[in-house]
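Text of query_18.txt (compact mmCIF, C-alpha atoms) as supplied:
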```
# COMPACT_ATOMS: atom_id res chain seq x y z
CA MET A 486 -174.50 23.35 112.24
CA LEU A 487 -171.57 25.10 110.62
CA ASN A 488 -170.68 28.54 111.97
CA VAL A 489 -169.01 31.25 109.94
CA GLY A 490 -167.99 34.30 111.92
CA LYS A 491 -169.10 37.91 111.47
CA ILE A 492 -167.30 40.20 109.06
CA GLU A 493 -166.24 43.70 110.05
CA GLU A 494 -166.68 45.51 106.75
CA GLY A 495 -168.08 44.27 103.47
CA PHE A 496 -171.30 42.68 102.33
CA VAL A 497 -173.36 39.59 102.85
CA LEU A 498 -175.36 38.27 99.94
CA ASP A 499 -178.27 36.37 101.39
CA HIS A 500 -181.14 34.37 99.87
CA ILE A 501 -179.08 33.15 96.92
CA LYS A 502 -180.75 30.22 95.23
CA ALA A 503 -179.15 27.02 96.50
CA GLY A 504 -176.22 26.05 94.29
CA LYS A 505 -175.86 29.46 92.60
CA SER A 506 -173.19 30.95 94.87
CA LEU A 507 -170.24 29.77 92.80
CA SER A 508 -171.72 31.29 89.67
CA ILE A 509 -172.08 34.62 91.50
CA TYR A 510 -168.52 34.29 92.82
CA GLU A 511 -167.35 34.00 89.21
CA HIS A 512 -169.49 36.83 87.84
CA LEU A 513 -168.44 39.24 90.57
CA GLN A 514 -164.84 38.18 89.85
CA LEU A 515 -164.22 37.63 93.54
CA ASP A 516 -161.31 35.36 92.67
CA LYS A 517 -159.44 38.48 91.58
CA LEU A 518 -159.89 40.26 94.91
CA ASP A 519 -157.41 39.82 97.72
CA CYS A 520 -160.01 39.55 100.48
CA THR A 521 -161.73 37.03 102.69
CA VAL A 522 -164.68 35.27 101.08
CA ALA A 523 -166.95 32.70 102.70
CA ILE A 524 -169.19 30.61 100.47
CA ILE A 525 -171.95 28.88 102.33
CA LYS A 526 -173.86 26.31 100.32
CA ASN A 527 -177.23 24.77 101.13
CA ALA A 528 -177.83 26.68 104.36
CA ARG A 529 -181.25 26.12 105.94
CA SER A 530 -183.79 28.79 105.00
CA ASP A 531 -187.39 29.35 106.17
CA LYS A 532 -188.14 31.22 102.95
CA LEU A 533 -186.39 29.03 100.39
CA GLY A 534 -185.88 25.72 102.16
CA LYS A 535 -182.23 25.81 101.15
CA LYS A 536 -180.14 28.80 100.19
CA ASP A 537 -176.58 29.91 99.55
CA ILE A 538 -174.86 32.81 101.30
CA LEU A 539 -171.75 34.74 100.30
CA LYS A 540 -169.81 36.79 102.82
CA VAL A 541 -167.17 39.10 101.42
CA GLU A 542 -164.87 41.32 103.42
CA CYS A 543 -164.13 44.27 101.14
CA ASP A 544 -165.19 47.78 100.16
CA ILE A 545 -168.88 47.80 99.18
CA ASN A 546 -168.08 49.95 96.13
CA MET A 547 -166.28 46.99 94.64
CA LEU A 548 -169.58 45.16 94.20
CA ASP A 549 -171.29 45.33 90.79
CA LEU A 550 -174.95 45.51 91.76
CA ASP A 551 -176.11 45.45 88.13
CA VAL A 552 -174.48 42.10 87.51
CA LEU A 553 -175.95 40.76 90.71
CA ALA A 554 -179.45 42.01 89.85
CA PHE A 555 -179.20 40.39 86.43
CA ILE A 556 -178.28 37.01 87.94
CA ASP A 557 -181.00 37.11 90.60
CA HIS A 558 -182.70 40.29 91.77
CA ASN A 559 -184.22 38.47 94.75
CA ILE A 560 -180.83 38.29 96.46
CA THR A 561 -180.63 40.36 99.65
CA VAL A 562 -177.56 42.57 99.84
CA ASN A 563 -176.58 43.45 103.40
CA VAL A 564 -173.95 46.14 103.76
CA ILE A 565 -171.80 45.62 106.82
CA LYS A 566 -169.81 48.27 108.67
CA ALA A 567 -168.16 47.81 112.07
CA GLY A 568 -169.65 44.33 112.20
CA GLU A 569 -173.27 45.58 111.87
CA ILE A 570 -175.77 45.67 109.01
CA VAL A 571 -176.01 49.35 108.07
CA GLU A 572 -178.00 49.03 104.86
CA LYS A 573 -180.06 46.52 102.88
CA LYS A 574 -179.80 47.25 99.18
CA GLU A 575 -182.67 46.49 96.82
CA LEU A 576 -181.74 45.11 93.47
CA VAL A 577 -183.47 46.23 90.30
CA LEU A 578 -183.04 44.68 86.87
CA PRO A 579 -180.47 46.74 84.98
CA GLN A 580 -181.57 48.33 81.70
CA GLN A 581 -178.46 46.99 80.03
CA ILE A 582 -175.61 44.68 80.93
CA LYS A 583 -172.18 44.78 79.37
CA ASN A 584 -169.79 41.84 79.01
CA VAL A 585 -171.62 39.69 81.53
CA ILE A 586 -173.13 37.24 79.08
CA LYS A 587 -172.12 36.49 75.55
CA CYS A 588 -174.27 36.50 72.43
CA HIS A 589 -174.15 33.02 70.95
CA ASN A 590 -175.94 33.81 67.71
CA PRO A 591 -173.39 32.78 65.06
CA ARG A 592 -174.91 35.40 62.73
CA CYS A 593 -174.35 38.28 65.19
CA ILE A 594 -171.67 40.89 64.47
CA THR A 595 -170.24 40.25 67.95
CA SER A 596 -169.12 36.82 66.70
CA ILE A 597 -166.48 38.41 64.44
CA GLU A 598 -165.88 41.94 65.73
CA GLN A 599 -163.45 41.02 68.49
CA GLU A 600 -163.27 44.26 70.47
CA LEU A 601 -167.02 44.82 70.48
CA PRO A 602 -168.61 44.63 73.94
CA HIS A 603 -171.41 42.09 74.41
CA ILE A 604 -174.33 44.27 75.42
CA PHE A 605 -177.75 42.93 76.34
CA VAL A 606 -180.75 45.22 76.74
CA LEU A 607 -183.76 44.59 78.98
CA ALA A 608 -186.53 44.00 76.43
CA ASP A 609 -189.27 42.83 78.79
CA PRO A 610 -189.00 43.75 82.49
CA VAL A 611 -192.02 41.58 83.42
CA LYS A 612 -190.73 38.39 81.83
CA GLU A 613 -187.12 39.44 82.56
CA ILE A 614 -186.06 39.00 78.95
CA TYR A 615 -182.77 40.39 77.73
CA ARG A 616 -181.87 40.68 74.05
CA CYS A 617 -178.57 41.31 72.33
CA LYS A 618 -178.32 45.00 71.43
CA TYR A 619 -177.07 44.17 67.95
CA CYS A 620 -178.94 41.10 66.71
CA GLU A 621 -181.83 41.04 69.25
CA GLU A 622 -181.21 37.37 70.03
CA LYS A 623 -182.88 36.45 73.29
CA TYR A 624 -180.60 35.47 76.17
CA ARG A 625 -181.09 31.85 77.17
CA GLU A 626 -180.16 30.98 80.73
CA ASN A 627 -178.45 27.77 79.71
CA ALA A 628 -176.22 29.63 77.24
CA LYS A 629 -172.54 29.53 78.06
CA LYS A 630 -171.43 32.50 80.10
CA PHE A 631 -168.15 34.41 80.07
CA MET B 59 -181.34 53.29 60.38
CA ASN B 60 -184.28 51.05 61.09
CA PRO B 61 -187.84 51.70 59.80
CA LEU B 62 -188.90 52.15 63.40
CA ASP B 63 -186.42 54.99 63.83
CA PHE B 64 -188.99 57.01 61.88
CA SER B 65 -192.36 57.85 63.42
CA VAL B 66 -195.48 57.19 61.33
CA GLU B 67 -195.61 60.94 60.64
CA GLU B 68 -191.98 61.01 59.49
CA LEU B 69 -192.66 58.04 57.23
CA GLU B 70 -195.62 59.90 55.72
CA LYS B 71 -193.32 62.81 54.98
CA LEU B 72 -190.77 60.46 53.40
CA PHE B 73 -193.41 58.77 51.22
CA THR B 74 -194.89 62.11 50.15
CA LEU B 75 -191.39 63.19 49.10
CA ALA B 76 -190.89 59.88 47.24
CA ASN B 77 -194.14 60.38 45.35
CA ASP B 78 -193.12 63.94 44.48
CA ILE B 79 -189.81 62.60 43.12
CA GLU B 80 -191.81 60.06 41.09
CA ASN B 81 -193.99 62.80 39.61
CA HIS B 82 -191.35 65.54 39.21
CA PRO B 83 -187.95 63.82 38.80
CA GLN B 84 -186.45 66.87 37.08
CA ASN B 85 -186.82 68.91 40.29
CA TYR B 86 -184.39 66.58 42.07
CA ALA B 87 -181.86 65.86 39.32
CA HIS B 88 -179.19 68.08 40.96
CA ALA B 89 -180.26 67.86 44.60
CA CYS B 90 -177.13 65.87 45.55
CA ASP B 91 -174.57 67.62 43.34
CA GLY B 92 -171.16 67.26 45.01
CA LYS B 93 -172.32 64.58 47.45
CA ILE B 94 -170.90 61.05 47.63
CA LEU B 95 -172.66 57.84 48.62
CA ALA B 96 -170.48 54.92 49.76
CA THR B 97 -172.03 51.51 49.12
CA CYS B 98 -170.30 49.08 51.49
CA PHE B 99 -171.61 45.66 50.54
CA TYR B 100 -169.94 42.85 52.48
CA GLU B 101 -172.13 40.31 50.71
CA PRO B 102 -173.26 40.42 47.11
CA SER B 103 -176.62 42.02 46.36
CA THR B 104 -176.71 43.41 42.89
CA ARG B 105 -180.32 44.55 43.14
CA THR B 106 -180.15 46.57 46.35
CA ARG B 107 -176.75 48.02 45.50
CA LEU B 108 -177.85 49.11 42.03
CA SER B 109 -181.02 50.58 43.48
CA PHE B 110 -178.94 52.74 45.84
CA GLU B 111 -176.55 53.67 43.04
CA SER B 112 -179.42 54.54 40.74
CA ALA B 113 -181.02 56.64 43.49
CA MET B 114 -177.85 58.66 44.16
CA THR B 115 -177.07 59.06 40.45
CA ARG B 116 -180.59 60.29 39.73
CA LEU B 117 -180.07 62.90 42.45
CA GLY B 118 -176.90 64.15 40.78
CA GLY B 119 -174.54 62.65 43.37
CA ARG B 120 -171.68 60.19 42.92
CA VAL B 121 -171.10 56.69 44.23
CA ILE B 122 -168.05 54.86 45.56
CA GLY B 123 -167.88 51.48 47.28
CA PHE B 124 -167.32 47.77 47.09
CA ALA B 125 -169.62 44.95 46.10
CA ASP B 126 -168.39 42.08 48.25
CA ALA B 127 -166.20 41.52 51.29
CA ASN B 128 -163.35 40.01 49.26
CA SER B 129 -162.75 43.28 47.46
CA SER B 130 -162.73 45.29 50.70
CA SER B 131 -160.31 45.64 53.59
CA ALA B 132 -162.50 43.18 55.51
CA ALA B 133 -160.62 40.45 53.62
CA LYS B 134 -157.47 41.70 55.39
CA GLY B 135 -159.23 41.47 58.72
CA GLU B 136 -160.30 45.08 59.22
CA SER B 137 -163.22 45.54 61.60
CA VAL B 138 -166.48 47.22 60.62
CA SER B 139 -165.75 49.91 63.21
CA ASP B 140 -162.44 50.81 61.56
CA THR B 141 -163.81 50.61 58.02
CA ILE B 142 -166.63 53.05 58.72
CA ARG B 143 -164.27 55.53 60.40
CA VAL B 144 -162.29 55.61 57.16
CA ILE B 145 -165.37 55.69 54.91
CA SER B 146 -166.61 58.68 56.95
CA CYS B 147 -163.63 60.60 55.55
CA TYR B 148 -164.47 59.69 51.95
CA ALA B 149 -168.25 59.98 51.66
CA ASP B 150 -171.23 61.97 52.89
CA ILE B 151 -173.55 59.00 53.45
CA CYS B 152 -173.14 55.22 53.54
CA ALA B 153 -175.36 52.28 52.64
CA MET B 154 -174.10 49.09 54.29
CA ARG B 155 -175.00 45.47 53.72
CA HIS B 156 -173.38 42.88 55.93
CA PRO B 157 -173.99 39.17 56.51
CA LYS B 158 -173.68 39.65 60.28
CA GLU B 159 -176.68 40.92 62.21
CA GLY B 160 -176.19 44.31 63.84
CA ALA B 161 -173.16 45.29 61.72
CA PRO B 162 -174.75 48.54 60.41
CA MET B 163 -175.66 49.45 63.99
CA VAL B 164 -172.02 49.04 65.03
CA ALA B 165 -171.05 51.18 62.04
CA SER B 166 -173.55 53.92 62.91
CA GLU B 167 -172.12 54.13 66.43
CA LYS B 168 -168.63 54.84 65.09
CA SER B 169 -169.55 56.86 62.02
CA ARG B 170 -169.53 60.60 61.41
CA ILE B 171 -171.91 60.23 58.44
CA PRO B 172 -175.42 58.71 58.24
CA VAL B 173 -175.34 54.92 57.80
CA ILE B 174 -178.26 53.22 56.09
CA ASN B 175 -178.79 49.55 56.88
CA ALA B 176 -179.04 47.88 53.47
CA GLY B 177 -179.61 44.46 55.05
CA ASP B 178 -177.88 42.70 57.96
CA GLY B 179 -177.99 38.92 57.81
CA GLY B 180 -181.40 37.50 58.60
CA HIS B 181 -182.17 40.47 60.83
CA TYR B 182 -183.48 43.59 59.07
CA HIS B 183 -183.71 45.03 55.59
CA PRO B 184 -185.26 48.42 56.33
CA THR B 185 -185.01 50.03 52.90
CA GLN B 186 -186.86 47.05 51.46
CA THR B 187 -189.53 47.69 54.06
CA LEU B 188 -189.73 51.34 53.08
CA THR B 189 -190.05 50.15 49.47
CA ASP B 190 -192.85 47.76 50.43
CA LEU B 191 -194.71 50.43 52.40
CA LEU B 192 -194.36 53.01 49.62
CA THR B 193 -195.62 50.48 47.05
CA ILE B 194 -198.68 49.63 49.13
CA ARG B 195 -199.39 53.27 49.96
CA SER B 196 -198.96 54.40 46.34
CA MET B 197 -201.08 51.60 44.85
CA LYS B 198 -203.73 51.28 47.56
CA GLY B 199 -203.80 54.85 48.91
CA HIS B 200 -203.38 53.91 52.56
CA LEU B 201 -201.43 51.65 54.93
CA ASP B 202 -204.05 50.72 57.53
CA ASN B 203 -206.81 48.09 57.72
CA PHE B 204 -205.20 45.38 55.63
CA THR B 205 -205.17 41.63 55.99
CA ILE B 206 -201.69 40.75 54.81
CA GLY B 207 -200.49 37.25 54.06
CA LEU B 208 -196.76 36.63 54.36
CA CYS B 209 -195.73 33.45 52.61
CA GLY B 210 -192.56 31.35 52.41
CA ASP B 211 -189.45 31.72 54.53
CA LEU B 212 -190.72 33.63 57.54
CA LYS B 213 -187.89 32.48 59.80
CA PHE B 214 -184.83 33.82 58.00
CA GLY B 215 -186.66 36.30 55.76
CA ARG B 216 -185.47 39.65 57.05
CA THR B 217 -187.80 41.57 54.74
CA VAL B 218 -190.68 39.86 56.49
CA HIS B 219 -189.47 40.75 59.98
CA SER B 220 -188.95 44.39 59.05
CA LEU B 221 -192.34 44.63 57.32
CA ILE B 222 -194.18 43.14 60.30
CA ASN B 223 -192.49 45.59 62.67
CA ALA B 224 -193.45 48.49 60.44
CA LEU B 225 -197.06 47.45 59.78
CA VAL B 226 -197.99 46.87 63.44
CA ARG B 227 -198.04 50.63 63.83
CA TYR B 228 -201.01 50.99 61.48
CA PRO B 229 -204.50 50.31 62.89
CA GLY B 230 -206.56 47.41 61.59
CA THR B 231 -203.59 45.33 60.44
CA ARG B 232 -204.11 41.55 60.53
CA PHE B 233 -201.39 39.07 59.66
CA ILE B 234 -201.67 35.60 58.19
CA PHE B 235 -198.36 33.75 58.28
CA ILE B 236 -198.12 31.02 55.66
CA SER B 237 -195.05 28.83 56.04
CA PRO B 238 -193.84 25.29 56.59
CA GLU B 239 -193.28 24.38 60.24
CA GLU B 240 -189.48 24.78 59.93
CA LEU B 241 -189.69 28.33 58.58
CA ARG B 242 -192.23 29.88 60.97
CA VAL B 243 -191.84 33.47 62.18
CA PRO B 244 -189.45 33.73 65.16
CA ASP B 245 -190.85 33.64 68.68
CA TYR B 246 -189.92 37.22 69.47
CA ILE B 247 -192.20 38.47 66.72
CA ILE B 248 -195.07 36.28 67.90
CA GLU B 249 -194.51 37.57 71.45
CA MET B 250 -194.53 41.16 70.21
CA LEU B 251 -197.82 40.65 68.30
CA ARG B 252 -199.46 39.06 71.36
CA GLU B 253 -198.32 41.94 73.57
CA LYS B 254 -199.74 44.50 71.17
CA ASN B 255 -202.95 42.49 70.62
CA ILE B 256 -202.40 42.40 66.88
CA PRO B 257 -204.50 39.62 65.29
CA PHE B 258 -202.55 36.93 63.46
CA GLU B 259 -202.80 33.31 62.47
CA GLU B 260 -200.30 30.74 61.27
CA VAL B 261 -201.23 28.34 58.48
CA ILE B 262 -199.45 25.94 56.17
CA ARG B 263 -201.65 25.98 53.04
CA LEU B 264 -201.74 29.17 50.95
CA GLU B 265 -204.96 28.15 49.16
CA ASP B 266 -206.93 28.10 52.43
CA VAL B 267 -206.43 31.79 53.17
CA MET B 268 -206.09 33.29 49.70
CA PRO B 269 -209.66 34.75 49.55
CA GLN B 270 -209.12 36.70 52.79
CA LEU B 271 -206.02 38.58 51.68
CA ASP B 272 -205.73 42.24 50.69
CA LEU B 273 -201.99 41.87 50.20
CA LEU B 274 -199.86 38.80 49.60
CA TYR B 275 -196.16 39.10 50.32
CA MET B 276 -194.23 36.23 48.77
CA THR B 277 -190.64 35.43 49.75
CA ARG B 278 -187.88 33.26 48.41
CA VAL B 279 -186.38 30.46 50.47
CA GLN B 280 -182.79 31.73 50.57
CA LYS B 281 -180.03 29.17 50.22
CA GLU B 282 -177.48 31.41 51.96
CA ARG B 283 -179.49 31.36 55.20
CA PHE B 284 -179.23 27.58 55.60
CA PHE B 285 -176.34 25.76 57.23
CA ASN B 286 -177.67 22.49 55.88
CA GLU B 287 -178.07 21.90 52.13
CA GLU B 288 -180.55 19.07 52.72
CA ASP B 289 -183.02 21.34 54.54
CA TYR B 290 -182.77 23.94 51.78
CA VAL B 291 -183.52 21.43 49.01
CA ARG B 292 -186.49 20.04 50.94
CA LEU B 293 -188.09 23.45 51.58
CA LYS B 294 -187.28 25.54 48.52
CA ASP B 295 -190.25 24.43 46.42
CA PHE B 296 -192.80 24.40 49.21
CA TYR B 297 -194.85 27.30 47.79
CA VAL B 298 -195.44 28.28 44.20
CA LEU B 299 -197.93 31.01 43.36
CA ASP B 300 -199.63 30.31 40.03
CA THR B 301 -202.73 31.47 38.14
CA THR B 302 -204.88 28.75 39.74
CA LYS B 303 -204.14 30.11 43.19
CA MET B 304 -204.59 33.68 41.93
CA GLU B 305 -208.14 32.80 40.90
CA LEU B 306 -208.96 32.37 44.58
CA ALA B 307 -207.78 35.89 45.42
CA LYS B 308 -209.69 39.17 45.62
CA GLN B 309 -209.77 41.23 42.43
CA ASP B 310 -207.86 44.08 44.06
CA MET B 311 -205.34 42.02 46.03
CA LEU B 312 -201.70 42.99 45.45
CA VAL B 313 -198.86 40.49 45.15
CA LEU B 314 -195.56 41.80 46.46
CA HIS B 315 -192.14 40.18 46.44
CA PRO B 316 -188.78 41.66 47.50
CA LEU B 317 -187.11 39.98 44.46
CA PRO B 318 -185.15 38.21 43.16
CA ARG B 319 -187.72 35.53 42.53
CA VAL B 320 -186.66 31.98 41.77
CA ASN B 321 -189.72 29.84 41.16
CA GLU B 322 -192.06 30.80 44.00
CA ILE B 323 -194.09 32.98 41.63
CA SER B 324 -194.85 31.39 38.32
CA VAL B 325 -194.00 33.70 35.39
CA GLU B 326 -197.60 33.40 34.15
CA VAL B 327 -198.63 35.56 37.15
CA ASP B 328 -196.47 38.47 35.88
CA ASP B 329 -199.18 39.62 33.47
CA ASP B 330 -201.85 39.68 36.16
CA PRO B 331 -202.62 43.35 37.05
CA ARG B 332 -202.40 42.39 40.72
CA ALA B 333 -198.71 41.48 40.36
CA ALA B 334 -196.95 44.51 41.85
CA TYR B 335 -193.40 43.22 42.30
CA PHE B 336 -191.75 44.92 39.34
CA ARG B 337 -193.36 48.25 40.17
CA GLN B 338 -192.08 47.64 43.69
CA ALA B 339 -188.49 47.72 42.35
CA GLN B 340 -189.20 51.14 40.80
CA TYR B 341 -190.62 52.44 44.09
CA GLY B 342 -187.44 51.16 45.73
CA VAL B 343 -185.42 53.75 43.84
CA TYR B 344 -187.83 56.58 44.71
CA VAL B 345 -187.86 55.76 48.40
CA ARG B 346 -184.04 55.49 48.53
CA MET B 347 -183.82 58.88 46.80
CA ALA B 348 -186.19 60.32 49.42
CA LEU B 349 -184.18 58.70 52.22
CA ILE B 350 -180.83 60.03 50.98
CA LEU B 351 -182.28 63.55 50.68
CA THR B 352 -183.80 63.34 54.15
CA LEU B 353 -180.68 61.97 55.88
CA LEU B 354 -178.46 64.54 54.15
CA GLU B 355 -180.95 67.20 55.27
CA LEU B 356 -181.34 68.50 51.71
CA VAL B 357 -185.13 68.89 51.93
```
Here is the file; what I need is its structure written in the form of structure tokens.
Amino acid sequence: MLNVGKIEEGFVLDHIKAGKSLSIYEHLQLDKLDCTVAIIKNARSDKLGKKDILKVECDINMLDLDVLAFIDHNITVNVIKAGEIVEKKELVLPQQIKNVIKCHNPRCITSIEQELPHIFVLADPVKEIYRCKYCEEKYRENAKKF
Amino acid sequence: MNPLDFSVEELEKLFTLANDIENHPQNYAHACDGKILATCFYEPSTRTRLSFESAMTRLGGRVIGFADANSSSAAKGESVSDTIRVISCYADICAMRHPKEGAPMVASEKSRIPVINAGDGGHYHPTQTLTDLLTIRSMKGHLDNFTIGLCGDLKFGRTVHSLINALVRYPGTRFIFISPEELRVPDYIIEMLREKNIPFEEVIRLEDVMPQLDLLYMTRVQKERFFNEEDYVRLKDFYVLDTTKMELAKQDMLVLHPLPRVNEISVEVDDDPRAAYFRQAQYGVYVRMALILTLLELV
């Protein structure tokens, strides 16, 4: 069993679907932060069988919870201070997400208006469907991301 | 604007105003004196543009604008956001048609003047919807409890999408979608109808459902919506409404069409009293007049 040590201050993202941690790393733009990051893939999990875990040593305010909730709102966010879990944050689906995913409808105005942000609005909270604010195209999970 | 930006009550007010304009045009001949409408048409649409221009002219206002993207600053690469900021300095109200979906919404976010969506790609064509609703209301007296057949290109036909969205708000509406498999209504509309428990069915043959219809909305298969010429050629003649099919219809059914027609309605149907599509064009001017007055807060 691989052991990754405790972090002093930052957050631990637990219960990430196995194999999704790198995608979250990219979306949270952790590559741009000058901090320690541990990516644990395929850890054993009673709940999921296998899971990924991300440990990041940085200020909690640097974490975009909306982006995280959009990717997977079942992720557990543990806030760590002085080496202890001080808070578990619940993720809720954001009403709108900006510049996280791109509209791939070739007929959408975002395809030609360069400076326009790509905004998706939560159209159906039950089915977790997001639609482009401008053309109402549904977001497909297999669509290419930013 | 989108037809759903107006509540049913606000639409009633708009249609009442449009009917008053129809009956007393002289009372409105100077209502827009000194006002300017900008028609920003990034793709050609003679009919809609002239309807807007006629509406503003009949109200005593003036019109500026361009009729296609090549004669605008868009050809030099200017964004919609920048164009509308400039147009806001020149005009009091703008009607915008754009081939890209959502362009008028982008414009309205940056504009200081009201922006009317005059059609955005295959997305919405709200003033056509207002025209359709006014025609039905004026000729039938109400907008509820209809079985409406929508026939032809239901996939790319923006007039169809807008009309469905508007009609679901009236009780007793039932839809029959008549289209080839390739041109069925998009999934998001089907999902919306299921969620709202609005009855609908999808069929391929027009003849099978003709006797059930109170309203038949015909559409043209639009060449400009296809990326593939082959698909267009294969589907363009799929439906043709002729007198034989009209014999199957109710005596008081109305035939509507957003125009222009190509060959999907045979010219022999034009003399049938149930053919409402040319009167529809007239109602289009009245409803645009009512819309301009309302958005400029002149009533």
Using only C-alpha atoms, the best pick from B:Asn255, B:Ser137, B:Thr352, B:Thr189 as closest to chain A would be B:Ser137
Practice problem: Considering all atoms listed in the file, return as a ChimeraX atom specification whatever protein or nucleic-acid residues lie within 12 Å of A:Glu600, sequence-local ones (same chain, fewer than 2 positions apart) excluded. | Solution: /A:584,594-598,602-603 /B:136-140,164
inquiry  = Near chain B, meaning an atom within 12 Å, which residues of chain A appear when counting only C-alpha atoms? Write them as number ranges by chain.
reply    = A: 588, 590-604, 608-609, 611-612, 614-624
The distance between atom CA of B:Leu353 and atom CA of B:Gly119 is 14.0 Å
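Between atom CA of A:Met547 and atom CA of A:Glu494 there is a distance of 12.2 Å.
Computed from the coordinates, the atom CA of A:Leu507 to atom CA of A:Val606 distance equals 24.6 Å.
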task = Mind checking which residues fall within 6 Å of B:Ile206, counting all atoms listed in the file, ignoring those fewer than 3 positions away in the same chain, and posting them as a PyMOL selection string?
result = chain B and resi 233+271-274
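All residues of protein, DNA or RNA that reach within 12 Å of stretch 526-534 of chain A, judged by only C-alpha atoms and not counting those fewer than 5 positions away in the chain, are Met486, Leu487, Asn488, Val489, Asp499, His500, Ile501, Lys502, Ala503, Gly504, Lys505, Ser506, Leu507, Ser508, Leu539, Lys540, Asn559 and Ile560 of chain A.
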Which polymer residues have any atom within 10 Å of an atom of stretch 512-514 of chain A, counting only C-alpha atoms, with same-chain residues fewer than 2 positions away left out, as a PDB file with C-alpha atoms, in the coordinates of the input?
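Ended up saving to out-v7.pdb:
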```
ATOM      1  CA  SER A 506    -173.190  30.950  94.870  1.00  0.00           C
ATOM      2  CA  LEU A 507    -170.240  29.770  92.800  1.00  0.00           C
ATOM      3  CA  SER A 508    -171.720  31.290  89.670  1.00  0.00           C
ATOM      4  CA  ILE A 509    -172.080  34.620  91.500  1.00  0.00           C
ATOM      5  CA  TYR A 510    -168.520  34.290  92.820  1.00  0.00           C
ATOM      6  CA  ASP A 516    -161.310  35.360  92.670  1.00  0.00           C
ATOM      7  CA  LYS A 517    -159.440  38.480  91.580  1.00  0.00           C
ATOM      8  CA  LEU A 518    -159.890  40.260  94.910  1.00  0.00           C
ATOM      9  CA  MET A 547    -166.280  46.990  94.640  1.00  0.00           C
ATOM     10  CA  LEU A 548    -169.580  45.160  94.200  1.00  0.00           C
ATOM     11  CA  ASP A 549    -171.290  45.330  90.790  1.00  0.00           C
ATOM     12  CA  LEU A 550    -174.950  45.510  91.760  1.00  0.00           C
ATOM     13  CA  VAL A 552    -174.480  42.100  87.510  1.00  0.00           C
ATOM     14  CA  LEU A 553    -175.950  40.760  90.710  1.00  0.00           C
ATOM     15  CA  ILE A 556    -178.280  37.010  87.940  1.00  0.00           C
ATOM     16  CA  VAL A 585    -171.620  39.690  81.530  1.00  0.00           C
ATOM     17  CA  ILE A 586    -173.130  37.240  79.080  1.00  0.00           C
ATOM     18  CA  LYS A 630    -171.430  32.500  80.100  1.00  0.00           C
ATOM     19  CA  PHE A 631    -168.150  34.410  80.070  1.00  0.00           C
TER      20      PHE A 631
END
```
Can you tell me, as a ChimeraX atom specification, what residues are no more than 6 Å from stretch 324-341 of chain B when counting all atoms listed in the file, ignoring any on the same chain fewer than 2 positions away?
-> /B:189,193,299-301,312-315,343-344
Radius query 12 Å about (-168.9, 49.4, 108.3), atoms used: all atoms listed in the file, as a VMD selection string
chain A and resid 491 to 496 542 to 545 563 to 572
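Remark: for A:Ile524, the closest of the candidate residues A:Pro579, A:Val562, A:Ile538, A:Lys573 is A:Ile538 (distances computed over all atoms listed in the file).
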